[in-house]
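S.K.: This is the content of upload_19.pdb (PDB, C-alpha atoms, pLDDT in the B column):
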ATOM      1  CA  MET X   1      98.505  85.179  97.743  1.00 42.00           C
ATOM      2  CA  THR X   2     101.535  84.472  99.857  1.00 39.00           C
ATOM      3  CA  ALA X   3     104.504  86.790 100.034  1.00 40.00           C
ATOM      4  CA  SER X   4     106.586  84.308  98.041  1.00 37.00           C
ATOM      5  CA  SER X   5     104.047  84.013  95.218  1.00 50.00           C
ATOM      6  CA  GLY X   6     104.201  87.677  94.259  1.00 70.00           C
ATOM      7  CA  PRO X   7     103.032  89.589  91.206  1.00 76.00           C
ATOM      8  CA  GLN X   8     103.439  86.680  88.758  1.00 82.00           C
ATOM      9  CA  THR X   9     100.958  84.513  90.677  1.00 89.00           C
ATOM     10  CA  LEU X  10      98.535  87.442  90.841  1.00 93.00           C
ATOM     11  CA  TRP X  11      98.966  87.956  87.095  1.00 94.00           C
ATOM     12  CA  GLN X  12      98.160  84.309  86.316  1.00 92.00           C
ATOM     13  CA  ALA X  13      95.134  84.300  88.629  1.00 94.00           C
ATOM     14  CA  ALA X  14      93.822  87.545  87.105  1.00 95.00           C
ATOM     15  CA  LEU X  15      94.202  86.174  83.572  1.00 93.00           C
ATOM     16  CA  ALA X  16      92.268  83.065  84.552  1.00 92.00           C
ATOM     17  CA  ALA X  17      89.511  85.151  86.161  1.00 93.00           C
ATOM     18  CA  ALA X  18      89.323  87.567  83.203  1.00 91.00           C
ATOM     19  CA  ALA X  19      88.814  84.774  80.669  1.00 83.00           C
ATOM     20  CA  GLY X  20      90.460  86.623  77.801  1.00 82.00           C
ATOM     21  CA  GLY X  21      89.883  90.292  78.588  1.00 88.00           C
ATOM     22  CA  ALA X  22      92.493  92.948  79.305  1.00 95.00           C
ATOM     23  CA  VAL X  23      93.878  92.814  82.829  1.00 97.00           C
ATOM     24  CA  VAL X  24      95.508  95.296  85.193  1.00 98.00           C
ATOM     25  CA  THR X  25      96.901  93.934  88.445  1.00 97.00           C
ATOM     26  CA  LEU X  26      97.624  96.016  91.527  1.00 97.00           C
ATOM     27  CA  HIS X  27      99.787  94.855  94.408  1.00 95.00           C
ATOM     28  CA  VAL X  28     100.389  97.332  97.230  1.00 95.00           C
ATOM     29  CA  GLY X  29     103.520  96.235  99.079  1.00 92.00           C
ATOM     30  CA  ASP X  30     105.081  97.826 102.125  1.00 90.00           C
ATOM     31  CA  GLU X  31     107.521  99.997 100.169  1.00 90.00           C
ATOM     32  CA  THR X  32     106.372  99.853  96.545  1.00 93.00           C
ATOM     33  CA  THR X  33     103.278  99.183  94.474  1.00 95.00           C
ATOM     34  CA  HIS X  34     103.489  96.838  91.507  1.00 96.00           C
ATOM     35  CA  VAL X  35     101.187  97.379  88.508  1.00 97.00           C
ATOM     36  CA  ALA X  36     101.036  95.082  85.485  1.00 97.00           C
ATOM     37  CA  ALA X  37      98.788  95.252  82.424  1.00 97.00           C
ATOM     38  CA  GLY X  38      98.039  93.332  79.265  1.00 95.00           C
ATOM     39  CA  THR X  39      96.219  90.334  77.860  1.00 92.00           C
ATOM     40  CA  GLY X  40      98.842  87.617  77.431  1.00 91.00           C
ATOM     41  CA  PRO X  41     100.725  85.097  79.541  1.00 92.00           C
ATOM     42  CA  ALA X  42     103.159  87.855  80.497  1.00 93.00           C
ATOM     43  CA  PRO X  43     102.222  91.486  81.167  1.00 96.00           C
ATOM     44  CA  ALA X  44     102.704  93.861  78.236  1.00 95.00           C
ATOM     45  CA  VAL X  45     103.708  96.641  80.656  1.00 96.00           C
ATOM     46  CA  GLN X  46     104.842  96.663  84.272  1.00 96.00           C
ATOM     47  CA  PHE X  47     105.422  99.524  86.677  1.00 96.00           C
ATOM     48  CA  THR X  48     106.831  99.804  90.174  1.00 96.00           C
ATOM     49  CA  LEU X  49     105.594 102.908  91.963  1.00 95.00           C
ATOM     50  CA  PRO X  50     107.604 104.296  94.906  1.00 93.00           C
ATOM     51  CA  LEU X  51     104.501 104.123  97.109  1.00 92.00           C
ATOM     52  CA  GLY X  52     103.349 101.439  99.484  1.00 92.00           C
ATOM     53  CA  ALA X  53     101.466 100.757 102.684  1.00 90.00           C
ATOM     54  CA  ARG X  54     104.443 101.889 104.743  1.00 84.00           C
ATOM     55  CA  ARG X  55     105.991 104.339 102.280  1.00 73.00           C
ATOM     56  CA  THR X  56     103.735 106.924 100.769  1.00 64.00           C
ATOM     57  CA  GLY X  57     106.336 109.030  99.017  1.00 52.00           C
ATOM     58  CA  THR X  58     106.812 111.852 101.479  1.00 51.00           C
ATOM     59  CA  GLY X  59     105.946 110.195 104.790  1.00 58.00           C
ATOM     60  CA  GLU X  60     102.515 111.811 104.824  1.00 63.00           C
ATOM     61  CA  PHE X  61     100.959 109.740 107.583  1.00 73.00           C
ATOM     62  CA  ARG X  62     102.626 110.531 110.864  1.00 75.00           C
ATOM     63  CA  HIS X  63      99.437 110.597 112.933  1.00 70.00           C
ATOM     64  CA  ASP X  64      96.775 108.053 113.819  1.00 74.00           C
ATOM     65  CA  PRO X  65      94.240 109.178 112.745  1.00 81.00           C
ATOM     66  CA  PRO X  66      95.815 111.204 109.956  1.00 82.00           C
ATOM     67  CA  THR X  67      95.382 114.951 109.823  1.00 86.00           C
ATOM     68  CA  PRO X  68      93.452 116.535 106.934  1.00 88.00           C
ATOM     69  CA  GLY X  69      96.733 118.056 105.723  1.00 87.00           C
ATOM     70  CA  GLU X  70      98.426 114.644 105.686  1.00 88.00           C
ATOM     71  CA  MET X  71      95.543 113.220 103.690  1.00 88.00           C
ATOM     72  CA  GLU X  72      95.661 116.045 101.147  1.00 89.00           C
ATOM     73  CA  LEU X  73      99.424 115.696 100.692  1.00 89.00           C
ATOM     74  CA  ALA X  74      99.009 111.939 100.205  1.00 89.00           C
ATOM     75  CA  ILE X  75      96.367 112.491  97.521  1.00 91.00           C
ATOM     76  CA  MET X  76      98.667 114.829  95.604  1.00 91.00           C
ATOM     77  CA  THR X  77     101.619 112.442  95.927  1.00 90.00           C
ATOM     78  CA  VAL X  78      99.618 109.435  94.707  1.00 92.00           C
ATOM     79  CA  GLU X  79      98.078 111.431  91.846  1.00 93.00           C
ATOM     80  CA  ASP X  80     101.562 112.435  90.660  1.00 93.00           C
ATOM     81  CA  GLU X  81     102.585 108.772  90.522  1.00 93.00           C
ATOM     82  CA  VAL X  82      99.480 107.229  88.959  1.00 95.00           C
ATOM     83  CA  MET X  83      98.475 109.838  86.361  1.00 95.00           C
ATOM     84  CA  PRO X  84     101.323 108.959  83.942  1.00 96.00           C
ATOM     85  CA  LEU X  85     100.001 105.372  83.818  1.00 96.00           C
ATOM     86  CA  ALA X  86      96.705 106.478  82.226  1.00 94.00           C
ATOM     87  CA  ARG X  87      98.163 106.526  78.717  1.00 92.00           C
ATOM     88  CA  GLN X  88      99.841 103.143  79.125  1.00 94.00           C
ATOM     89  CA  LEU X  89      97.068 100.921  80.490  1.00 96.00           C
ATOM     90  CA  PRO X  90      94.695  99.070  78.131  1.00 94.00           C
ATOM     91  CA  ALA X  91      91.254 100.602  77.733  1.00 91.00           C
ATOM     92  CA  GLY X  92      88.435  98.547  79.183  1.00 93.00           C
ATOM     93  CA  ALA X  93      90.724  96.442  81.380  1.00 96.00           C
ATOM     94  CA  THR X  94      89.510  94.870  84.617  1.00 97.00           C
ATOM     95  CA  LEU X  95      91.470  95.726  87.772  1.00 98.00           C
ATOM     96  CA  TYR X  96      92.533  92.807  90.003  1.00 98.00           C
ATOM     97  CA  THR X  97      94.302  92.478  93.333  1.00 97.00           C
ATOM     98  CA  ALA X  98      94.806  89.848  96.014  1.00 96.00           C
ATOM     99  CA  ASP X  99      95.973  92.262  98.726  1.00 96.00           C
ATOM    100  CA  ALA X 100      94.772  91.647 102.270  1.00 94.00           C
ATOM    101  CA  GLY X 101      94.633  95.410 102.907  1.00 94.00           C
ATOM    102  CA  ILE X 102      92.248  95.932 100.008  1.00 97.00           C
ATOM    103  CA  ARG X 103      90.154  92.971 101.181  1.00 97.00           C
ATOM    104  CA  GLN X 104      89.885  94.779 104.550  1.00 95.00           C
ATOM    105  CA  ILE X 105      88.609  97.880 102.746  1.00 97.00           C
ATOM    106  CA  ALA X 106      85.927  95.693 101.140  1.00 97.00           C
ATOM    107  CA  HIS X 107      84.919  94.346 104.550  1.00 96.00           C
ATOM    108  CA  ILE X 108      84.627  97.871 105.986  1.00 95.00           C
ATOM    109  CA  ALA X 109      82.517  98.781 102.938  1.00 96.00           C
ATOM    110  CA  GLY X 110      80.134  95.994 103.978  1.00 95.00           C
ATOM    111  CA  LEU X 111      80.981  93.348 101.395  1.00 97.00           C
ATOM    112  CA  ALA X 112      80.536  89.795 102.612  1.00 95.00           C
ATOM    113  CA  ASP X 113      83.693  87.735 102.618  1.00 92.00           C
ATOM    114  CA  ALA X 114      84.006  85.526  99.557  1.00 93.00           C
ATOM    115  CA  PRO X 115      86.901  83.961  97.666  1.00 91.00           C
ATOM    116  CA  GLN X 116      86.420  86.540  94.886  1.00 95.00           C
ATOM    117  CA  MET X 117      84.942  89.943  95.706  1.00 97.00           C
ATOM    118  CA  ARG X 118      84.023  92.924  93.508  1.00 98.00           C
ATOM    119  CA  LEU X 119      84.619  96.258  95.257  1.00 98.00           C
ATOM    120  CA  PRO X 120      83.024  99.194  93.390  1.00 98.00           C
ATOM    121  CA  LEU X 121      84.685 102.613  93.373  1.00 98.00           C
ATOM    122  CA  ASP X 122      81.593 104.050  95.094  1.00 98.00           C
ATOM    123  CA  ASP X 123      82.253 101.769  98.083  1.00 98.00           C
ATOM    124  CA  VAL X 124      85.943 102.750  98.150  1.00 98.00           C
ATOM    125  CA  GLU X 125      84.839 106.400  98.155  1.00 97.00           C
ATOM    126  CA  ARG X 126      82.406 105.724 101.000  1.00 96.00           C
ATOM    127  CA  VAL X 127      85.160 104.173 103.138  1.00 96.00           C
ATOM    128  CA  TYR X 128      87.468 107.061 102.284  1.00 95.00           C
ATOM    129  CA  ASN X 129      84.768 109.550 103.316  1.00 93.00           C
ATOM    130  CA  LEU X 130      84.451 107.759 106.660  1.00 93.00           C
ATOM    131  CA  LEU X 131      88.192 108.173 107.125  1.00 92.00           C
ATOM    132  CA  ALA X 132      88.008 111.853 106.144  1.00 91.00           C
ATOM    133  CA  ALA X 133      85.307 112.382 108.759  1.00 91.00           C
ATOM    134  CA  VAL X 134      87.574 110.843 111.396  1.00 89.00           C
ATOM    135  CA  ALA X 135      90.435 113.110 110.282  1.00 86.00           C
ATOM    136  CA  LEU X 136      88.071 116.046 110.845  1.00 86.00           C
ATOM    137  CA  GLY X 137      87.222 114.905 114.376  1.00 83.00           C
ATOM    138  CA  ARG X 138      84.530 112.234 114.186  1.00 83.00           C
ATOM    139  CA  PRO X 139      85.314 109.438 116.670  1.00 78.00           C
ATOM    140  CA  ALA X 140      86.898 106.477 114.902  1.00 72.00           C
ATOM    141  CA  SER X 141      84.978 104.094 117.145  1.00 72.00           C
ATOM    142  CA  ILE X 142      81.652 105.059 115.551  1.00 76.00           C
ATOM    143  CA  SER X 143      82.944 105.264 111.975  1.00 78.00           C
ATOM    144  CA  GLY X 144      84.021 101.631 111.727  1.00 82.00           C
ATOM    145  CA  VAL X 145      87.127 102.562 109.731  1.00 88.00           C
ATOM    146  CA  ARG X 146      90.746 101.848 110.614  1.00 88.00           C
ATOM    147  CA  THR X 147      93.033 104.852 110.980  1.00 87.00           C
ATOM    148  CA  ASP X 148      96.512 103.334 111.175  1.00 88.00           C
ATOM    149  CA  PRO X 149      98.985 104.707 108.611  1.00 87.00           C
ATOM    150  CA  PRO X 150      99.371 101.489 106.516  1.00 90.00           C
ATOM    151  CA  PHE X 151      95.597 101.176 106.115  1.00 92.00           C
ATOM    152  CA  VAL X 152      95.223 104.871 105.293  1.00 91.00           C
ATOM    153  CA  ALA X 153      98.030 104.654 102.726  1.00 92.00           C
ATOM    154  CA  THR X 154      96.494 101.596 101.054  1.00 95.00           C
ATOM    155  CA  LEU X 155      93.024 103.165 100.973  1.00 95.00           C
ATOM    156  CA  THR X 156      94.365 106.420  99.538  1.00 94.00           C
ATOM    157  CA  LEU X 157      96.408 104.632  96.902  1.00 95.00           C
ATOM    158  CA  LEU X 158      93.487 102.415  95.854  1.00 97.00           C
ATOM    159  CA  ARG X 159      91.049 105.342  95.718  1.00 97.00           C
ATOM    160  CA  GLU X 160      93.305 107.557  93.626  1.00 96.00           C
ATOM    161  CA  PHE X 161      94.368 104.677  91.366  1.00 97.00           C
ATOM    162  CA  MET X 162      90.775 103.728  90.605  1.00 97.00           C
ATOM    163  CA  HIS X 163      89.504 107.290  90.299  1.00 95.00           C
ATOM    164  CA  HIS X 164      92.227 108.693  88.045  1.00 95.00           C
ATOM    165  CA  LEU X 165      92.664 105.600  85.888  1.00 97.00           C
ATOM    166  CA  GLY X 166      88.966 105.052  85.293  1.00 96.00           C
ATOM    167  CA  PHE X 167      88.326 101.782  87.145  1.00 97.00           C
ATOM    168  CA  GLY X 168      84.738 101.408  88.339  1.00 97.00           C
ATOM    169  CA  ALA X 169      85.610  98.405  90.507  1.00 98.00           C
ATOM    170  CA  VAL X 170      88.450  96.193  91.637  1.00 98.00           C
ATOM    171  CA  VAL X 171      88.131  92.411  91.738  1.00 98.00           C
ATOM    172  CA  ILE X 172      89.740  90.993  94.865  1.00 97.00           C
ATOM    173  CA  LEU X 173      91.048  87.488  94.298  1.00 96.00           C
ATOM    174  CA  PRO X 174      91.702  84.959  97.042  1.00 92.00           C
ATOM    175  CA  PRO X 175      94.913  85.483  98.988  1.00 81.00           C
ATOM    176  CA  ASP X 176      96.355  82.234  97.623  1.00 64.00           C
ATOM    177  CA  GLY X 177      96.236  83.651  94.097  1.00 55.00           C
ATOM    178  CA  GLN X 178      93.633  81.192  92.829  1.00 49.00           C
ATOM    179  CA  PRO X 179      90.866  82.678  90.689  1.00 50.00           C
ATOM    180  CA  GLY X 180      88.187  81.548  93.150  1.00 47.00           C
TER     181      GLY X 180
END
Kindly return the structure encoded in the file as structure tokens.
M.R.:
Amino acid sequence: MTASSGPQTLWQAALAAAAGGAVVTLHVGDETTHVAAGTGPAPAVQFTLPLGARRTGTGEFRHDPPTPGEMELAIMTVEDEVMPLARQLPAGATLYTADAGIRQIAHIAGLADAPQMRLPLDDVERVYNLLAAVALGRPASISGVRTDPPFVATLTLLREFMHHLGFGAVVILPPDGQPG
């Protein structure tokens, strides 16, 4: 999905991929995260969270790799933003994204590249645990995980979003917004 196509293109691609089911879309931008949910041609609800790959609410990630304290503060910040959405998202919805950063998380988790990928929460947790090990001193070179602040912010946001809102997986659509 190109920068000019935005959340509306993601919404249309997710609806096409869902074939009639409830949809939640997630787009992590640099400064904000856009969430949309519903079943129709337009989202029933939309939210813009003040979190992004370069803005995590309180500037938690100042180090590369992040410190354990930075990671804990980021978790609390993201939880505070996503928990209120739980009552407003449709039950049983499928989570979709077309974000390149989330596709990178899937690659680190070992998923083969494909136009449409399904990234389970267990794999997101595994990548996050690799990052946590690096924060505690394990060499990043042997973990295979990126440690730059935008990647860490995206991973943290995705993990907390999925965990606290009950998504067992996220479907990653092609970057051009087509359903694949």
S.K.: Could you give me, as a PyMOL selection string, the residues within 10 Å of Leu157 (chain X), counting all atoms listed in the file and dropping anything in the same chain fewer than 3 positions from it?
M.R.: chain X and resi 28+33+51-53+56+74-75+77-79+81-82+151-154+160-163
S.K.: Between X:Ala42, X:Met76, X:Ala169, X:Val23, which has the minimum distance to Pro120 (chain X) (counting only C-alpha atoms)?
M.R.: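 Residue with the minimum atom-to-atom distance to Pro120 (chain X): X:Ala169.
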S.K.: Distance cut-off 8 Å, centre (95.3, 93.9, 96.4) in file coordinates, counting only C-alpha atoms: which residues qualify? Return them as a ChimeraX atom specification.
M.R.: /X:26-28,96-103,172-173
S.K.: So which residues get picked by the PyMOL selection byres ((chain X and resi 19) around 12) here, written as JSON, numbers by chain?
M.R.: {"X": [12, 13, 14, 15, 16, 17, 18, 20, 21, 22, 23, 39, 40, 41, 93, 94, 179]}
S.K.: How many Å lie between CA of Ala135 (chain X) and CA of Leu95 (chain X), rounded to one decimal?
M.R.: 28.5 Å
S.K.: Pick from X:Gly144, X:Ala91, X:Met71, X:Arg138: nearest to His107 (chain X), with all atoms listed in the file counted?
M.R.: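 Closest candidate: X:Gly144.
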S.K.: For a test of reading the model, state the distance in Å between CA of Leu111 (chain X) and CA of Val170 (chain X), rounded to one decimal.
M.R.: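 Computing the Euclidean distance for CA of Leu111 (chain X) and CA of Val170 (chain X) yields 12.6 Å.
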S.K.: Of the residues X:Leu136, X:Met83, X:Val24, X:Ala114, which is the one nearest to Glu70 (chain X), using all atoms listed in the file?
M.R.: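 Smallest distance to Glu70 (chain X) is found for X:Leu136.
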S.K.: Skipping near chain neighbours, those fewer than 4 positions away, what residues fall within 9 Å of His63 (chain X) using all atoms listed in the file, listed as a list in words?
M.R.: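 Close residues of His63 (chain X): Thr67, Glu70, Thr147, Asp148 and Pro149 of chain X.
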S.K.: Quick one: pull the distance between CA of Arg159 (chain X) and CA of Pro84 (chain X), Å, one decimal.
M.R.: 16.0 Å
S.K.: Edge lengths and centre, in Å to one decimal, as JSON: that's what I need for the box along x, y and z that holds all listed atoms of region 138-149 of chain X plus 8 Å on each side.
M.R.:
{"center_x": 90.3, "center_y": 106.9, "center_z": 112.9, "size_x": 33.3, "size_y": 26.6, "size_z": 24.5}
